[in-house]
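Next comes structure_14.csv, with CSV, C-alpha atoms.
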```
chain,number,residue,atom,x,y,z
L,46,MET,CA,175.5,128.0,97.4
L,47,LYS,CA,175.8,124.3,97.7
L,48,THR,CA,175.2,124.5,101.5
L,49,ARG,CA,172.1,126.6,101.0
L,50,LEU,CA,170.6,124.1,98.5
L,51,LEU,CA,171.3,121.2,100.9
L,52,LEU,CA,169.6,123.1,103.8
L,53,CYS,CA,166.5,123.8,101.6
L,54,LEU,CA,166.4,120.2,100.5
L,55,ALA,CA,166.6,119.0,104.1
L,56,ALA,CA,163.8,121.4,105.1
L,57,LEU,CA,161.5,120.1,102.3
L,58,LEU,CA,162.2,116.5,103.2
L,59,ALA,CA,161.4,117.3,106.8
L,60,GLY,CA,158.1,118.8,105.8
L,61,CYS,CA,159.1,122.4,106.7
L,62,SER,CA,157.7,125.4,104.9
L,63,THR,CA,159.7,128.2,103.2
L,64,PRO,CA,160.0,131.6,104.9
L,65,LYS,CA,157.2,133.0,102.7
L,66,GLU,CA,154.9,130.1,103.6
L,67,GLU,CA,155.7,130.6,107.3
L,68,THR,CA,154.7,134.3,107.1
L,69,LYS,CA,151.5,133.3,105.3
L,70,SER,CA,150.7,130.7,108.0
L,71,ALA,CA,151.4,133.1,110.8
L,72,ALA,CA,149.0,135.6,109.3
L,73,ALA,CA,146.2,133.0,108.9
L,74,PRO,CA,144.2,132.4,112.1
L,75,LEU,CA,141.8,129.8,110.6
L,76,PRO,CA,142.3,126.1,110.0
L,77,ALA,CA,142.0,124.8,106.5
L,78,GLY,CA,138.5,124.1,105.3
L,79,TRP,CA,136.8,126.5,107.7
L,80,ASP,CA,133.1,127.0,106.9
L,81,ALA,CA,132.3,130.7,107.5
L,82,LYS,CA,128.5,130.4,106.8
L,83,ALA,CA,128.1,127.4,109.1
L,84,ALA,CA,129.9,129.3,111.8
L,85,GLY,CA,127.6,132.3,111.3
L,86,ASP,CA,124.5,130.1,111.3
L,87,LYS,CA,125.6,128.5,114.7
L,88,VAL,CA,126.0,132.0,116.2
L,89,MET,CA,122.6,133.2,115.0
L,90,ALA,CA,120.9,130.1,116.4
L,91,GLY,CA,121.9,131.1,119.9
L,92,LEU,CA,120.8,134.8,119.8
L,93,PHE,CA,118.0,136.0,122.1
L,94,ARG,CA,116.0,139.3,122.3
L,95,VAL,CA,117.1,142.0,124.7
L,96,THR,CA,114.6,144.8,123.8
L,97,GLY,CA,111.4,145.1,125.7
L,98,PRO,CA,108.1,143.5,124.7
L,99,ASP,CA,106.4,146.8,123.8
L,100,VAL,CA,109.3,147.8,121.5
L,101,LYS,CA,108.4,148.0,117.8
L,102,GLY,CA,111.5,149.7,116.4
L,103,ALA,CA,115.1,149.3,117.6
L,104,HIS,CA,118.6,150.0,116.2
L,105,ASP,CA,122.2,150.7,116.8
L,106,ALA,CA,122.9,149.0,120.2
L,107,HIS,CA,126.2,149.0,122.1
L,108,PHE,CA,127.2,147.2,125.3
L,109,ALA,CA,129.6,146.8,128.2
L,110,ILE,CA,130.3,143.8,130.3
L,111,VAL,CA,130.8,143.9,134.1
L,112,GLY,CA,131.1,140.6,136.0
L,113,ASP,CA,128.6,138.1,134.8
L,114,ARG,CA,126.3,140.7,133.2
L,115,ALA,CA,126.1,142.6,130.0
L,116,TYR,CA,124.6,146.1,129.9
L,117,VAL,CA,123.1,146.9,126.5
L,118,VAL,CA,122.1,150.4,125.4
L,119,THR,CA,119.7,150.8,122.5
L,120,GLU,CA,117.6,153.4,120.7
L,121,VAL,CA,114.0,152.2,120.6
L,122,ASN,CA,110.4,153.3,120.0
L,123,ASP,CA,107.0,151.8,120.8
L,124,ARG,CA,105.1,153.0,117.7
L,125,GLN,CA,106.6,151.5,114.5
L,126,ALA,CA,109.4,149.6,113.1
L,127,GLY,CA,112.6,151.4,112.0
L,128,GLU,CA,114.2,154.6,113.4
L,129,ALA,CA,114.8,158.2,112.4
L,130,ALA,CA,116.4,161.2,114.1
L,131,GLN,CA,113.2,163.2,113.1
L,132,TRP,CA,111.1,160.9,115.4
L,133,PRO,CA,110.8,162.5,118.8
L,134,PHE,CA,109.3,159.3,120.2
L,135,VAL,CA,112.6,157.4,119.8
L,136,TYR,CA,114.1,157.0,123.3
L,137,ALA,CA,117.2,155.3,124.8
L,138,THR,CA,117.1,152.2,127.0
L,139,LEU,CA,119.5,150.0,129.1
L,140,SER,CA,119.0,146.2,129.0
L,141,ILE,CA,120.6,144.0,131.7
L,142,VAL,CA,121.6,140.6,130.5
L,143,ASP,CA,122.6,137.5,132.6
L,144,LEU,CA,125.6,136.0,130.8
L,145,ARG,CA,125.7,132.8,132.8
L,146,ASN,CA,122.2,131.8,131.8
L,147,GLU,CA,122.0,134.0,128.7
L,148,ARG,CA,118.7,135.7,129.4
L,149,LEU,CA,117.3,139.2,129.7
L,150,LEU,CA,116.9,140.4,133.3
L,151,ASP,CA,115.5,143.9,133.0
L,152,VAL,CA,115.0,146.9,130.7
L,153,MET,CA,115.3,150.5,132.0
L,154,THR,CA,114.8,153.8,130.3
L,155,ILE,CA,117.8,156.1,130.1
L,156,ALA,CA,116.2,159.1,128.6
L,157,ARG,CA,113.3,160.2,126.4
L,158,SER,CA,112.1,163.4,124.7
L,159,GLU,CA,111.1,166.2,127.2
L,160,GLN,CA,112.1,164.1,130.2
L,161,ALA,CA,112.7,166.2,133.3
L,162,PHE,CA,115.9,165.5,135.2
L,163,ALA,CA,117.2,167.0,138.5
L,164,ASN,CA,119.2,169.6,136.7
L,165,GLU,CA,117.8,169.9,133.1
L,166,THR,CA,114.8,169.0,131.1
L,167,LEU,CA,115.4,167.6,127.6
L,168,PRO,CA,113.9,169.5,124.7
L,169,VAL,CA,111.7,167.8,122.2
L,170,GLY,CA,113.7,165.4,120.1
L,171,ALA,CA,114.9,161.8,119.6
L,172,CYS,CA,117.3,160.3,122.1
L,173,PHE,CA,119.6,158.7,119.6
L,174,VAL,CA,122.7,156.4,119.1
L,175,PRO,CA,123.5,155.5,122.8
L,176,ARG,CA,126.9,154.3,123.9
L,177,ILE,CA,128.1,152.8,127.2
L,178,LYS,CA,131.4,152.4,129.1
L,179,GLN,CA,132.4,151.5,132.6
L,180,VAL,CA,134.0,154.6,134.1
L,181,GLY,CA,134.4,153.5,137.7
L,182,PRO,CA,134.3,150.3,139.9
L,183,GLN,CA,130.5,150.8,140.4
L,184,THR,CA,129.6,153.2,137.6
L,185,LEU,CA,128.5,152.8,134.0
L,186,ARG,CA,128.3,155.9,131.8
L,187,CYS,CA,125.5,156.0,129.2
L,188,TRP,CA,125.8,158.5,126.4
L,189,PHE,CA,123.0,159.6,124.0
L,190,ALA,CA,122.4,162.4,121.5
L,191,SER,CA,119.3,164.6,121.9
L,192,GLU,CA,118.4,165.9,118.5
L,193,GLN,CA,115.7,167.5,116.4
L,194,PRO,CA,117.2,168.0,112.9
L,195,GLY,CA,116.5,171.4,111.3
L,196,LYS,CA,115.3,172.9,114.6
L,197,ARG,CA,118.4,173.1,116.9
L,198,GLN,CA,121.9,171.9,117.5
L,199,SER,CA,122.0,168.3,118.8
L,200,GLN,CA,123.7,167.8,122.1
L,201,THR,CA,125.3,164.7,123.5
L,202,TYR,CA,124.5,164.0,127.1
L,203,TYR,CA,125.5,161.3,129.6
L,204,ARG,CA,123.8,159.7,132.5
L,205,ASP,CA,125.5,157.5,135.1
L,206,PHE,CA,124.2,154.1,136.2
L,207,ASP,CA,125.1,152.8,139.7
L,208,LEU,CA,125.9,149.0,139.6
L,209,ALA,CA,125.5,148.5,143.3
L,210,THR,CA,121.9,149.8,143.5
L,211,LEU,CA,121.0,149.3,139.8
L,212,THR,CA,119.7,152.8,139.6
L,213,PHE,CA,120.4,155.9,137.4
L,214,GLU,CA,121.6,159.2,138.6
L,215,ALA,CA,118.9,161.8,138.8
L,216,ALA,CA,120.8,164.3,136.7
L,217,ILE,CA,122.2,164.3,133.2
L,218,HIS,CA,125.3,166.0,132.0
L,219,ARG,CA,126.5,167.7,128.8
L,220,MET,CA,129.4,165.9,127.1
L,221,LYS,CA,132.2,168.3,126.0
L,222,LEU,CA,134.5,168.5,122.9
L,223,THR,CA,138.0,170.0,122.9
L,224,THR,CA,139.1,171.4,119.5
L,225,SER,CA,141.9,173.7,118.4
L,226,ASP,CA,139.7,176.6,119.5
L,227,GLY,CA,138.9,175.5,123.0
L,228,THR,CA,136.4,173.3,124.9
L,229,PHE,CA,132.7,173.4,124.0
L,230,ASP,CA,129.4,171.4,124.4
L,231,LEU,CA,129.6,168.3,122.1
L,232,GLN,CA,127.5,169.8,119.2
L,233,PRO,CA,127.9,169.6,115.4
L,234,LYS,CA,128.9,173.2,114.9
L,235,HIS,CA,132.1,172.9,116.9
L,236,LEU,CA,133.2,169.7,115.1
L,237,HIS,CA,132.5,171.4,111.8
L,238,ALA,CA,134.4,174.6,112.7
L,239,ASP,CA,137.5,172.6,113.6
L,240,ALA,CA,137.4,170.6,110.3
L,241,ALA,CA,136.7,173.7,108.2
L,242,LYS,CA,140.0,175.2,109.5
L,243,GLN,CA,141.7,172.3,107.9
L,244,GLY,CA,139.9,172.6,104.6
L,245,PHE,CA,136.7,170.7,105.0
L,246,LYS,CA,134.3,172.0,102.4
L,247,ARG,CA,130.9,170.5,103.3
L,248,LYS,CA,128.2,172.7,104.8
L,249,PRO,CA,127.5,172.6,108.5
L,250,VAL,CA,124.5,170.7,109.8
L,251,ASP,CA,122.7,170.9,113.2
L,252,ALA,CA,122.3,167.2,114.0
L,253,GLY,CA,123.8,163.7,113.4
L,254,LEU,CA,126.9,163.9,115.7
L,255,TYR,CA,127.5,160.6,117.6
L,256,LEU,CA,130.0,158.7,119.6
L,257,PHE,CA,130.3,155.9,117.1
L,258,ASP,CA,133.1,153.3,117.3
L,259,ASN,CA,133.9,151.0,120.3
L,260,PHE,CA,136.1,152.5,123.0
L,261,LYS,CA,139.7,151.3,122.5
L,262,GLU,CA,142.8,151.5,124.7
L,263,PHE,CA,146.3,152.3,123.5
L,264,ASP,CA,149.3,153.3,125.5
L,265,GLY,CA,147.1,154.1,128.5
L,266,ARG,CA,144.7,156.4,126.6
L,267,THR,CA,141.1,155.7,125.5
L,268,TYR,CA,140.2,156.4,121.9
L,269,ILE,CA,136.9,156.6,120.0
L,270,ALA,CA,135.9,157.7,116.6
L,271,ILE,CA,133.1,160.2,116.4
L,272,ASN,CA,130.9,160.7,113.3
L,273,ASN,CA,128.5,163.4,112.1
L,274,TYR,CA,126.4,161.2,109.8
L,275,LEU,CA,124.4,164.1,108.2
L,276,GLY,CA,127.5,166.2,107.7
L,277,ALA,CA,129.8,163.3,106.5
L,278,GLN,CA,132.4,164.2,109.1
L,279,GLN,CA,134.6,161.9,111.1
L,280,ALA,CA,137.4,162.4,113.7
L,281,LEU,CA,139.6,160.3,116.0
L,282,CYS,CA,139.3,161.5,119.6
L,283,THR,CA,140.7,160.7,123.0
L,284,LEU,CA,138.5,160.5,126.1
L,285,ASN,CA,139.8,162.1,129.2
L,286,ALA,CA,140.2,160.4,132.6
L,287,ALA,CA,136.9,161.9,133.9
L,288,ALA,CA,135.2,160.6,130.8
L,289,ASP,CA,133.3,163.8,130.3
L,290,THR,CA,135.4,165.4,127.4
L,291,LEU,CA,136.6,164.3,124.0
L,292,THR,CA,139.6,165.8,122.4
L,293,ILE,CA,140.1,165.7,118.7
L,294,VAL,CA,143.3,164.0,117.6
L,295,GLY,CA,142.7,164.2,113.8
L,296,HIS,CA,140.0,164.5,111.2
L,297,PHE,CA,139.6,162.0,108.4
L,298,ASN,CA,136.9,163.1,106.0
L,299,GLY,CA,138.3,161.7,102.7
L,300,PRO,CA,138.3,163.8,99.6
L,301,GLY,CA,134.8,165.3,100.1
L,302,GLU,CA,133.3,163.0,97.5
L,303,PRO,CA,132.4,160.3,98.2
L,304,ALA,CA,130.8,161.2,101.5
L,305,LEU,CA,132.3,159.1,104.3
L,306,THR,CA,130.4,158.2,107.5
L,307,GLU,CA,130.2,155.7,110.4
L,308,PRO,CA,133.9,154.8,110.9
L,309,ALA,CA,135.6,152.0,112.8
L,310,VAL,CA,139.2,152.6,113.6
L,311,HIS,CA,142.1,150.5,114.9
L,312,ARG,CA,145.8,150.6,115.3
L,313,LEU,CA,147.9,148.1,113.4
L,314,PRO,CA,151.0,146.2,114.7
L,315,ASP,CA,153.4,148.8,113.2
L,316,GLY,CA,151.7,151.6,115.2
L,317,THR,CA,149.9,153.1,112.2
L,318,TRP,CA,146.1,153.7,112.2
L,319,LEU,CA,143.5,152.3,109.8
L,320,ALA,CA,139.9,153.4,109.5
L,321,ILE,CA,137.1,151.7,107.6
L,322,CYS,CA,134.3,154.0,106.6
L,323,ARG,CA,130.8,153.7,105.2
L,324,LYS,CA,130.6,155.2,101.8
L,325,GLU,CA,127.4,157.1,100.8
L,326,ASN,CA,128.0,157.7,97.1
L,327,GLY,CA,128.4,155.4,94.1
L,328,ASP,CA,128.5,151.7,94.8
L,329,HIS,CA,128.7,152.0,98.6
L,330,ASN,CA,131.8,149.8,98.9
L,331,TYR,CA,133.7,150.7,102.0
L,332,TRP,CA,136.5,153.3,102.0
L,333,PHE,CA,139.7,153.0,104.0
L,334,THR,CA,142.0,155.8,105.2
L,335,GLU,CA,145.3,155.6,107.1
L,336,SER,CA,147.5,157.6,109.4
L,337,LYS,CA,150.9,157.3,111.0
L,338,ASP,CA,150.0,159.3,114.1
L,339,GLY,CA,146.2,159.6,114.2
L,340,LYS,CA,146.5,163.3,113.4
L,341,THR,CA,147.1,163.4,109.6
L,342,TRP,CA,145.2,161.0,107.5
L,343,THR,CA,145.4,159.9,103.8
L,344,ILE,CA,142.5,160.6,101.5
L,345,GLY,CA,142.3,156.8,101.2
L,346,GLY,CA,140.3,154.5,98.9
L,347,GLU,CA,139.1,151.0,98.6
L,348,LYS,CA,141.0,147.8,99.7
L,349,ASP,CA,141.1,144.5,97.8
L,350,PHE,CA,140.0,142.5,100.8
L,351,VAL,CA,136.6,144.2,101.0
L,352,LYS,CA,134.4,144.0,97.8
L,353,LYS,CA,130.7,144.5,97.2
L,354,GLY,CA,130.2,146.5,100.4
L,355,ALA,CA,126.8,148.0,101.2
L,356,GLY,CA,125.9,151.3,102.9
L,357,SER,CA,126.0,150.2,106.6
L,358,LYS,CA,128.0,150.4,109.8
L,359,PRO,CA,131.4,148.5,109.7
L,360,THR,CA,133.2,147.1,112.8
L,361,PHE,CA,137.0,146.9,113.5
L,362,ASP,CA,138.2,145.3,116.7
L,363,LYS,CA,141.1,143.2,118.1
L,364,PHE,CA,140.4,140.3,120.3
L,365,ASN,CA,142.9,137.8,121.8
L,366,GLY,CA,145.6,139.0,119.4
L,367,VAL,CA,143.4,138.8,116.2
L,368,TYR,CA,141.8,141.6,114.3
L,369,TYR,CA,138.1,141.3,113.5
L,370,LEU,CA,136.8,143.4,110.5
L,371,GLY,CA,133.0,143.4,110.1
L,372,TRP,CA,131.2,144.7,107.0
L,373,GLN,CA,127.9,144.6,105.3
L,374,GLU,CA,127.8,142.9,101.8
L,375,ARG,CA,125.7,144.2,99.0
L,376,THR,CA,124.4,140.7,98.3
L,377,GLN,CA,120.8,140.3,99.4
L,378,ILE,CA,118.9,137.2,100.6
L,379,ASP,CA,115.4,137.1,99.1
L,380,LYS,CA,115.8,140.9,98.4
L,381,VAL,CA,116.1,141.8,102.0
L,382,SER,CA,118.4,144.8,102.7
L,383,ARG,CA,121.4,144.2,104.9
L,384,SER,CA,120.9,140.4,105.0
L,385,VAL,CA,124.6,139.5,104.6
L,386,PHE,CA,127.3,140.5,107.0
L,387,ASN,CA,130.9,139.3,106.9
L,388,LEU,CA,133.4,139.1,109.7
L,389,ASP,CA,136.9,138.6,108.6
L,390,VAL,CA,140.0,138.0,110.7
L,391,SER,CA,143.7,138.8,110.5
L,392,ARG,CA,146.8,138.8,112.6
L,393,ASP,CA,148.5,141.6,110.8
L,394,GLY,CA,145.7,143.8,109.4
L,395,LYS,CA,146.7,143.0,105.9
L,396,HIS,CA,146.0,139.3,105.1
L,397,TRP,CA,142.3,138.5,105.8
L,398,GLU,CA,140.2,135.4,106.0
L,399,ARG,CA,136.4,134.9,106.3
L,400,LYS,CA,135.6,133.6,109.8
L,401,TYR,CA,131.8,134.3,109.9
L,402,ARG,CA,129.3,134.9,107.2
L,403,PHE,CA,125.9,135.8,108.5
L,404,GLU,CA,123.1,135.2,106.0
L,405,THR,CA,119.5,135.8,107.1
L,406,THR,CA,116.2,137.3,105.9
L,407,LYS,CA,115.9,138.8,109.4
L,408,SER,CA,118.9,141.0,108.4
L,409,PHE,CA,122.2,141.2,110.4
L,410,GLN,CA,123.1,144.9,110.8
L,411,TYR,CA,124.9,147.3,113.1
L,412,PRO,CA,126.5,144.6,115.3
L,413,THR,CA,128.8,145.4,118.2
L,414,PHE,CA,131.4,142.9,119.5
L,415,VAL,CA,132.9,142.9,123.0
L,416,GLU,CA,135.5,140.5,124.5
L,417,ASP,CA,135.4,139.5,128.1
L,418,LYS,CA,137.5,136.8,129.9
L,419,GLY,CA,138.4,135.3,126.5
L,420,ALA,CA,134.8,135.1,125.3
L,421,ILE,CA,133.4,137.4,122.6
L,422,TRP,CA,129.8,138.5,122.8
L,423,LEU,CA,127.7,140.5,120.3
L,424,CYS,CA,124.5,142.5,119.9
L,425,VAL,CA,122.8,143.1,116.5
L,426,THR,CA,119.7,144.7,114.9
L,427,GLN,CA,117.2,142.3,113.4
L,428,GLY,CA,113.6,142.1,112.3
L,429,ASP,CA,110.9,140.0,110.6
L,430,SER,CA,108.7,141.9,108.2
L,431,ASP,CA,109.4,145.7,108.0
L,432,PRO,CA,111.6,146.5,105.0
L,433,SER,CA,114.1,148.2,107.4
L,434,ARG,CA,114.3,145.0,109.6
L,435,LYS,CA,114.9,147.4,112.5
L,436,GLU,CA,112.5,145.8,115.0
L,437,ARG,CA,114.6,144.4,117.9
L,438,ILE,CA,118.1,143.9,119.3
L,439,MET,CA,119.4,140.4,119.6
L,440,PHE,CA,122.3,139.3,121.9
L,441,GLY,CA,124.5,136.3,122.1
L,442,ARG,CA,127.9,134.7,122.1
L,443,LEU,CA,130.1,134.9,119.1
L,444,GLU,CA,132.8,132.5,120.4
```

Could you spell out this file's structure in structure tokens?
Amino acid sequence: MKTRLLLCLAALLAGCSTPKEETKSAAAPLPAGWDAKAAGDKVMAGLFRVTGPDVKGAHDAHFAIVGDRAYVVTEVNDRQAGEAAQWPFVYATLSIVDLRNERLLDVMTIARSEQAFANETLPVGACFVPRIKQVGPQTLRCWFASEQPGKRQSQTYYRDFDLATLTFEAAIHRMKLTTSDGTFDLQPKHLHADAAKQGFKRKPVDAGLYLFDNFKEFDGRTYIAINNYLGAQQALCTLNAAADTLTIVGHFNGPGEPALTEPAVHRLPDGTWLAICRKENGDHNYWFTESKDGKTWTIGGEKDFVKKGAGSKPTFDKFNGVYYLGWQERTQIDKVSRSVFNLDVSRDGKHWERKYRFETTKSFQYPTFVEDKGAIWLCVTQGDSDPSRKERIMFGRLE
């Protein structure tokens, strides 16, 4: 006992911390006195537009980086601000961004309603919620959902982009989904049927199914969370090597009420999974659900480190050994919806600090963050006057 007291006294005199303090310090990635709002302001000052000059409405962008260029996919329209799955004039575009000079190089159309391709003509309907991933040395794959709610089953397609020629393939292809019943076209009814076998009670819907989260790699496998927004359904999936089929690992739909949508999922240091979900009922604060294996998930609930959340897309990524958790705050600047977005960081997924606070009357909503060569880039939806603030996509460097 005497020896232990002497050691502790020596440690204090030497300016050493206790084991508890060391644990806390290891979990805290930020220096003392960090100003999250100032950091957010600096990031926003460097953003630039990556949607075309004719675009009036834009939302829900995603991007991939290859070499010194970013490739940003976006849902847009040329008629009015905002977006809706019921608008057949919403189409999907690919913007090419020069990262060295931080400027837009080109904007190309991926797909639009009733477009004729070499192998199939799209039906009437919006081309919605695009996603992108590099699937080969010279190939980017662009996914989008073709939908017309209330009229038909939505279908997720993909179209490949050749990096050498900067051209799209002439054909489009139907994305597939493997469930416990087999492999099918990626349509809402098949996701619902698989969830219903496990006790999901909500009624089936014919639209709203999207590839939603960032693609993430664990143990040599690619994972992504998918979401049926209209049906309040979510599932963790793996993407096969050919990148043409998703396989359901596990459903995480919460208790049924509140309705959960738009998830972001990550794996924690102990190997367990954590998902943050948008909550549609009540106060809209975010809901978390957990899993040991990705197959069986807890009903979940709220967490103390996220308070006053709003109904909007969250993000959950890990860059350079640090987790980044992004979420929309209910607070509004000058009564503008989605005008406050927080980005918190942690080394263990349990102790969080505020690294960025984005406050703007232009809104800061539906961001995507991607790391490349140690730098982190982002794209985000913003606007000037429409109540939705869904008018353009901005791009820039986070850090």

Name the residues within 10 Å of (142.7, 156.1, 134.8), counting only C-alpha atoms in the file's coordinates, and put them as a short mmCIF file (atom, residue, chain, number, x, y, z; two decimals) with C-alpha atoms, in the frame of the given file.
```cif
data_model
loop_
_atom_site.label_atom_id
_atom_site.label_comp_id
_atom_site.auth_asym_id
_atom_site.auth_seq_id
_atom_site.Cartn_x
_atom_site.Cartn_y
_atom_site.Cartn_z
CA VAL L 180 134.00 154.60 134.10
CA GLY L 181 134.40 153.50 137.70
CA GLY L 265 147.10 154.10 128.50
CA ARG L 266 144.70 156.40 126.60
CA THR L 267 141.10 155.70 125.50
CA ASN L 285 139.80 162.10 129.20
CA ALA L 286 140.20 160.40 132.60
CA ALA L 287 136.90 161.90 133.90
CA ALA L 288 135.20 160.60 130.80
#
```

Worksheet item: CA of Phe93 in chain L and CA of Asp123 in chain L are how many Å apart?
Response: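 These atoms are spaced 19.3 Å apart.
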
Practice prompt. Figure out the distance between CA of Phe414 in chain L and CA of Glu444 in chain L, please, to one decimal in Å.
Written response: 10.5 Å

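For the choices L:Arg434, L:Lys400, L:Lys352, L:Lys363, the atom-to-atom distance to Ala309 in chain L is smallest for L:Lys363 when using only C-alpha atoms.
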
Discussion item. Measuring between only C-alpha atoms, which one of L:Phe440, L:Tyr274, L:Trp342, L:Tyr116 shows the shortest distance to Lys358 in chain L?
Written reply: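 Smallest separation from Lys358 in chain L among the options: L:Tyr274.
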
Response to the item:
Between CA of Phe297 in chain L and CA of Gly356 in chain L lies a distance of 18.2 Å

Practice prompt. Find the residue from L:Lys435, L:Arg442, L:Arg157, L:Lys82 that sits nearest to Leu144 in chain L; use all atoms listed in the file when measuring.
Written response: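 Smallest distance to Leu144 in chain L is found for L:Arg442.
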
Could you pull the residues within 12 Å of range 401-403 of chain L, counting all atoms listed in the file, minus those fewer than 4 positions along the same chain, as a CSV table (one decimal) with C-alpha atoms, keeping the file's coordinate frame?
```
chain,number,residue,atom,x,y,z
L,75,LEU,CA,141.8,129.8,110.6
L,79,TRP,CA,136.8,126.5,107.7
L,80,ASP,CA,133.1,127.0,106.9
L,81,ALA,CA,132.3,130.7,107.5
L,82,LYS,CA,128.5,130.4,106.8
L,83,ALA,CA,128.1,127.4,109.1
L,84,ALA,CA,129.9,129.3,111.8
L,85,GLY,CA,127.6,132.3,111.3
L,86,ASP,CA,124.5,130.1,111.3
L,87,LYS,CA,125.6,128.5,114.7
L,88,VAL,CA,126.0,132.0,116.2
L,89,MET,CA,122.6,133.2,115.0
L,90,ALA,CA,120.9,130.1,116.4
L,369,TYR,CA,138.1,141.3,113.5
L,370,LEU,CA,136.8,143.4,110.5
L,371,GLY,CA,133.0,143.4,110.1
L,372,TRP,CA,131.2,144.7,107.0
L,373,GLN,CA,127.9,144.6,105.3
L,374,GLU,CA,127.8,142.9,101.8
L,376,THR,CA,124.4,140.7,98.3
L,377,GLN,CA,120.8,140.3,99.4
L,378,ILE,CA,118.9,137.2,100.6
L,383,ARG,CA,121.4,144.2,104.9
L,384,SER,CA,120.9,140.4,105.0
L,385,VAL,CA,124.6,139.5,104.6
L,386,PHE,CA,127.3,140.5,107.0
L,387,ASN,CA,130.9,139.3,106.9
L,388,LEU,CA,133.4,139.1,109.7
L,389,ASP,CA,136.9,138.6,108.6
L,390,VAL,CA,140.0,138.0,110.7
L,407,LYS,CA,115.9,138.8,109.4
L,408,SER,CA,118.9,141.0,108.4
L,409,PHE,CA,122.2,141.2,110.4
L,410,GLN,CA,123.1,144.9,110.8
L,412,PRO,CA,126.5,144.6,115.3
L,425,VAL,CA,122.8,143.1,116.5
L,427,GLN,CA,117.2,142.3,113.4
L,443,LEU,CA,130.1,134.9,119.1
L,444,GLU,CA,132.8,132.5,120.4
```

Worksheet entry | Given all atoms listed in the file as the counted atoms, nearest of L:Gly316, L:Ala277, L:Glu404, L:Tyr202 to Arg247 in chain L |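 Comparing L:Gly316, L:Ala277, L:Glu404, L:Tyr202 against Arg247 in chain L, the winner is L:Ala277.
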
Discussion item. Just want the 8 Å neighbourhood of Glu147 in chain L, counted on all atoms listed in the file, with same-chain residues fewer than 4 positions away dropped. Output as a PyMOL selection string.
Written reply: chain L and resi 93+142-143+441

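Minimum atom-to-atom distances from L:Leu256, L:Arg323, L:Asp315, L:Ser433 to Lys395 in chain L were compared using all atoms listed in the file, and the lowest value belongs to L:Asp315.
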
Worksheet entry | Shortest interatomic distance to Glu120 in chain L - which of L:Val310, L:Leu236, L:Ile141, L:Val174, counting all atoms listed in the file |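 With all atoms listed in the file as the atom set, the closest residue is L:Val174.
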
Discussion item. As JSON, numbers by chain, please: the residues near Val169 in chain L (cut-off 8 Å, only C-alpha atoms, same-chain neighbours under 4 positions excluded).
Written reply: {"L": [133, 158, 159, 192, 193]}

Discussion item. With 8 Å as the threshold, what does the neighbourhood of (129.4, 147.5, 128.9) contain in terms of residues, counting all atoms listed in the file? Coordinates are those of the file; answer as an MDAnalysis selection string.
Written reply: chainID L and resid 107:111 115:117 177:179 185

Next, the residues of the selection above should be written as a PDB file, keeping the file's coordinate frame with C-alpha atoms.
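Result written to again_34.pdb:
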```pdb
ATOM      1  CA  HIS L 107     126.200 149.000 122.100  1.00  0.00           C
ATOM      2  CA  PHE L 108     127.200 147.200 125.300  1.00  0.00           C
ATOM      3  CA  ALA L 109     129.600 146.800 128.200  1.00  0.00           C
ATOM      4  CA  ILE L 110     130.300 143.800 130.300  1.00  0.00           C
ATOM      5  CA  VAL L 111     130.800 143.900 134.100  1.00  0.00           C
ATOM      6  CA  ALA L 115     126.100 142.600 130.000  1.00  0.00           C
ATOM      7  CA  TYR L 116     124.600 146.100 129.900  1.00  0.00           C
ATOM      8  CA  VAL L 117     123.100 146.900 126.500  1.00  0.00           C
ATOM      9  CA  ILE L 177     128.100 152.800 127.200  1.00  0.00           C
ATOM     10  CA  LYS L 178     131.400 152.400 129.100  1.00  0.00           C
ATOM     11  CA  GLN L 179     132.400 151.500 132.600  1.00  0.00           C
ATOM     12  CA  LEU L 185     128.500 152.800 134.000  1.00  0.00           C
TER      13      LEU L 185
END
```

Practice prompt. Find the residues around Ala156 in chain L up to 9 Å (all atoms listed in the file counted), leave out those fewer than 2 positions away in its own chain, and share them as a list in words.
Written response: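 The filter keeps Tyr136, Ala137, Thr138, Thr154, Ser158, Glu159, Gln160, Leu167, Cys172, Phe189 and Arg204 of chain L.
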